[in-house]
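All remarks here apply to the structure that follows.
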Amino acid sequence: VATNETHERLRDFDELCRQQGFPLTVQRRTILEAVLERTDHPTADQVYEEVKERLPGVSRTTVYRVLQLLTRVGAITRIFTRGAAARFDPVVRRHHHFVCVRCDGLVDLWDEGIGELVRMPSNPPGSFEIEGFSVYFFGTCATCRATWEGAEGEPGAI
Ligand SMILES: [Zn+2]
Ligand SMILES: [Zn+2]
């Protein structure tokens, strides 16, 4: 079920497509909707699993390509994490993240104060142009910690 915010974002995207002159296809709209409805920062594979029933015949490659397009036009963002798979974020405004090092869980962190503490490097390498920054706090989520603590002391536990 699409929320009001999702509706608004989809409308913005329709408008963007019209302005940029690229066709708004059912595929693009459905894939964007799938990302907008999630808060767990899904990988392309996870998005594919979600839309494959709604879009019969869609391939992983297509989903990946559409996600890249959506990122390029700024409808969603791609986030940088430790895993090999790219993950996507429906939130395009700057925010930060908590990352669980055991399950790769990723939770949004809204705290303007963190941004104020970051000093931009005065001398980036070469002609590197900084576009932004984002802070990740690594640790263990409550679920993983509970599993971990429960396993402690048991013979054969890691
Ligand atoms: Zn975890
Ligand atoms: Zn996020």
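Chain labels run A, B, ... following the order of the structure tokens; each chain numbers its residues from 1, and ligands are numbered from 1 in the order shown.
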Residues within 9 Å of ligand 1 should be enumerated using only C-alpha atoms and all ligand atoms and returned as an mmCIF file with N, CA, C and O atoms, in the first residue's frame.
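As written to disk, out.cif reads:
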data_model
loop_
_atom_site.group_PDB
_atom_site.id
_atom_site.type_symbol
_atom_site.label_atom_id
_atom_site.label_comp_id
_atom_site.auth_asym_id
_atom_site.auth_seq_id
_atom_site.Cartn_x
_atom_site.Cartn_y
_atom_site.Cartn_z
ATOM 1 N N VAL A 99 25.281 0.985 10.838
ATOM 2 C CA VAL A 99 25.463 -0.248 10.080
ATOM 3 C C VAL A 99 25.810 -1.375 11.043
ATOM 4 O O VAL A 99 26.719 -1.249 11.857
ATOM 5 N N CYS A 100 25.095 -2.496 10.929
ATOM 6 C CA CYS A 100 25.424 -3.650 11.758
ATOM 7 C C CYS A 100 26.485 -4.483 11.042
ATOM 8 O O CYS A 100 26.287 -4.898 9.900
ATOM 9 N N VAL A 101 27.595 -4.732 11.705
ATOM 10 C CA VAL A 101 28.696 -5.445 11.068
ATOM 11 C C VAL A 101 28.419 -6.944 10.939
ATOM 12 O O VAL A 101 29.112 -7.646 10.222
ATOM 13 N N ARG A 102 27.389 -7.434 11.640
ATOM 14 C CA ARG A 102 27.092 -8.864 11.534
ATOM 15 C C ARG A 102 26.065 -9.167 10.454
ATOM 16 O O ARG A 102 26.251 -10.078 9.659
ATOM 17 N N CYS A 103 24.968 -8.395 10.418
ATOM 18 C CA CYS A 103 23.910 -8.729 9.456
ATOM 19 C C CYS A 103 23.820 -7.705 8.327
ATOM 20 O O CYS A 103 22.964 -7.836 7.457
ATOM 21 N N ASP A 104 24.689 -6.687 8.337
ATOM 22 C CA ASP A 104 24.644 -5.617 7.327
ATOM 23 C C ASP A 104 23.363 -4.798 7.382
ATOM 24 O O ASP A 104 23.036 -4.086 6.423
ATOM 25 N N GLY A 105 22.641 -4.891 8.486
ATOM 26 C CA GLY A 105 21.452 -4.047 8.672
ATOM 27 C C GLY A 105 21.866 -2.574 8.627
ATOM 28 O O GLY A 105 22.954 -2.223 9.079
ATOM 29 N N LEU A 106 21.015 -1.745 8.048
ATOM 30 C CA LEU A 106 21.365 -0.349 7.826
ATOM 31 C C LEU A 106 20.174 0.496 8.246
ATOM 32 O O LEU A 106 19.089 0.353 7.696
ATOM 33 N N GLY A 139 28.599 -1.089 14.119
ATOM 34 C CA GLY A 139 28.396 -1.727 15.416
ATOM 35 C C GLY A 139 27.529 -2.956 15.260
ATOM 36 O O GLY A 139 27.467 -3.544 14.187
ATOM 37 N N THR A 140 26.851 -3.344 16.348
ATOM 38 C CA THR A 140 25.973 -4.512 16.285
ATOM 39 C C THR A 140 24.562 -4.107 16.651
ATOM 40 O O THR A 140 24.356 -3.366 17.614
ATOM 41 N N CYS A 141 23.593 -4.581 15.886
ATOM 42 C CA CYS A 141 22.189 -4.254 16.162
ATOM 43 C C CYS A 141 21.699 -5.106 17.340
ATOM 44 O O CYS A 141 22.344 -6.088 17.721
ATOM 45 N N ALA A 142 20.563 -4.734 17.880
ATOM 46 C CA ALA A 142 20.024 -5.420 19.064
ATOM 47 C C ALA A 142 19.783 -6.905 18.792
ATOM 48 O O ALA A 142 20.093 -7.761 19.626
ATOM 49 N N THR A 143 19.261 -7.217 17.611
ATOM 50 C CA THR A 143 18.961 -8.608 17.274
ATOM 51 C C THR A 143 20.231 -9.451 17.260
ATOM 52 O O THR A 143 20.285 -10.524 17.861
ATOM 53 N N CYS A 144 21.247 -8.943 16.582
ATOM 54 C CA CYS A 144 22.497 -9.691 16.497
ATOM 55 C C CYS A 144 23.166 -9.808 17.866
ATOM 56 O O CYS A 144 23.742 -10.833 18.192
ATOM 57 N N ARG A 145 23.065 -8.759 18.657
ATOM 58 C CA ARG A 145 23.700 -8.803 19.971
ATOM 59 C C ARG A 145 23.018 -9.841 20.857
ATOM 60 O O ARG A 145 23.671 -10.559 21.600
#
* Asked: If you count only C-alpha atoms and all ligand atoms, which residues end up within 7 Å of ligand 2, as a list in words?
  -> His41, Asp89, Val91, His95, His96, His97, Val107 and Asp108 of chain A
* Secondary structure check, helix (DSSP H, G or I) residues of chain A, as a ChimeraX atom specification -> /A:4-20,26-36,44-51,60-72,112-117,142-151
Report the closest atom pair, with its distance in Å rounded to one decimal, for each residue of region 56-150 of chain A that has an atom no farther than 12 Å from region 14-33 of chain A; count only C-alpha atoms, sort by chain and then rising residue number, and write it as a tab-separated table.
residue	atom	partner	partner_atom	distance
A:Pro56	CA	A:Gln27	CA	10.0
A:Gly57	CA	A:Gln27	CA	10.7
A:Val58	CA	A:Gln27	CA	8.2
A:Ser59	CA	A:Gln27	CA	10.8
A:Arg60	CA	A:Ile31	CA	11.5
A:Thr62	CA	A:Gln27	CA	8.9
A:Val63	CA	A:Ile31	CA	7.2
A:Tyr64	CA	A:Ile31	CA	9.7
A:Arg65	CA	A:Arg28	CA	9.8
A:Val66	CA	A:Arg28	CA	6.2
A:Leu67	CA	A:Ile31	CA	7.5
A:Gln68	CA	A:Arg28	CA	10.9
A:Leu69	CA	A:Arg28	CA	9.0
A:Leu70	CA	A:Leu32	CA	7.4
A:Thr71	CA	A:Leu32	CA	10.1
A:Val73	CA	A:Leu16	CA	8.4
A:Gly74	CA	A:Leu16	CA	9.7
A:Ala75	CA	A:Leu32	CA	8.0
A:Ile76	CA	A:Leu32	CA	8.0
A:Thr77	CA	A:Leu32	CA	11.2
A:Phe88	CA	A:Leu32	CA	10.4
A:Asp89	CA	A:Leu32	CA	10.5
A:Pro90	CA	A:Leu32	CA	8.4
A:Val91	CA	A:Leu32	CA	11.8
* Asked: Expressed in Å to a single decimal, how great is the separation between CA of Gly132 (chain A) and CA of Asp45 (chain A)?
  ->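 The value is 26.6 Å.
For the residues A:Phe128, A:Arg38, A:Gly83, A:Phe133, ranking by smallest atom-to-atom distance to Glu116 (chain A) using only C-alpha atoms places A:Phe133 first.
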* Would you please extract all strand (DSSP E or B) residues from region 39-111 of chain A, as assigned by DSSP on the backbone, and give them as a list in words? =>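 Assigned to strand (DSSP E or B), within region 39-111 of chain A: Thr43, Thr77, Arg78, Ile79, Arg87, Phe88, Asp89, His96, His97, Phe98, Val99, Cys100, Leu106, Val107, Asp108 and Leu109 of chain A.
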Selection export as a short mmCIF file (atom, residue, chain, number, x, y, z; two decimals), in the first residue's frame, atoms kept: N, CA, C and O atoms:
data_model
loop_
_atom_site.label_atom_id
_atom_site.label_comp_id
_atom_site.auth_asym_id
_atom_site.auth_seq_id
_atom_site.Cartn_x
_atom_site.Cartn_y
_atom_site.Cartn_z
N THR A 43 19.25 -4.15 -1.81
CA THR A 43 20.16 -4.36 -2.94
C THR A 43 19.29 -4.51 -4.20
O THR A 43 18.07 -4.67 -4.10
N THR A 77 19.04 7.37 -4.04
CA THR A 77 20.49 7.45 -3.96
C THR A 77 21.08 6.05 -3.81
O THR A 77 20.42 5.12 -3.34
N ARG A 78 22.32 5.95 -4.22
CA ARG A 78 23.05 4.71 -4.05
C ARG A 78 23.94 4.92 -2.83
O ARG A 78 24.56 5.97 -2.70
N ILE A 79 24.00 3.94 -1.95
CA ILE A 79 24.83 4.15 -0.79
C ILE A 79 26.04 3.24 -0.79
O ILE A 79 26.04 2.17 -1.41
N ARG A 87 23.65 -0.85 -2.69
CA ARG A 87 22.35 -0.74 -2.00
C ARG A 87 21.76 0.62 -2.28
O ARG A 87 22.47 1.58 -2.53
N PHE A 88 20.43 0.67 -2.25
CA PHE A 88 19.74 1.88 -2.67
C PHE A 88 18.89 2.45 -1.55
O PHE A 88 18.35 1.73 -0.73
N ASP A 89 18.82 3.77 -1.54
CA ASP A 89 18.17 4.50 -0.46
C ASP A 89 17.11 5.42 -1.06
O ASP A 89 17.42 6.21 -1.95
N HIS A 96 22.60 10.15 7.79
CA HIS A 96 23.70 9.25 8.13
C HIS A 96 23.13 7.87 8.47
O HIS A 96 21.92 7.68 8.45
N HIS A 97 24.01 6.93 8.78
CA HIS A 97 23.53 5.56 8.99
C HIS A 97 24.22 4.82 10.14
O HIS A 97 25.38 5.08 10.43
N PHE A 98 23.47 3.93 10.74
CA PHE A 98 24.03 2.92 11.63
C PHE A 98 24.13 1.64 10.81
O PHE A 98 23.17 1.27 10.13
N VAL A 99 25.28 0.99 10.84
CA VAL A 99 25.46 -0.25 10.08
C VAL A 99 25.81 -1.37 11.04
O VAL A 99 26.72 -1.25 11.86
N CYS A 100 25.09 -2.50 10.93
CA CYS A 100 25.42 -3.65 11.76
C CYS A 100 26.48 -4.48 11.04
O CYS A 100 26.29 -4.90 9.90
N LEU A 106 21.01 -1.75 8.05
CA LEU A 106 21.37 -0.35 7.83
C LEU A 106 20.17 0.50 8.25
O LEU A 106 19.09 0.35 7.70
N VAL A 107 20.38 1.35 9.24
CA VAL A 107 19.28 2.17 9.76
C VAL A 107 19.63 3.64 9.62
O VAL A 107 20.77 4.04 9.88
N ASP A 108 18.65 4.44 9.20
CA ASP A 108 18.88 5.87 9.02
C ASP A 108 19.16 6.57 10.35
O ASP A 108 18.59 6.22 11.37
N LEU A 109 19.99 7.58 10.27
CA LEU A 109 20.28 8.42 11.42
C LEU A 109 20.13 9.87 10.99
O LEU A 109 20.78 10.32 10.04
#
* **Among listed residues A:Gly126, A:Arg82, A:Met120, A:Asp111, nearest Phe138 (chain A) (using only C-alpha atoms)** =>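 So, comparing all the options, the nearest one is A:Arg82.
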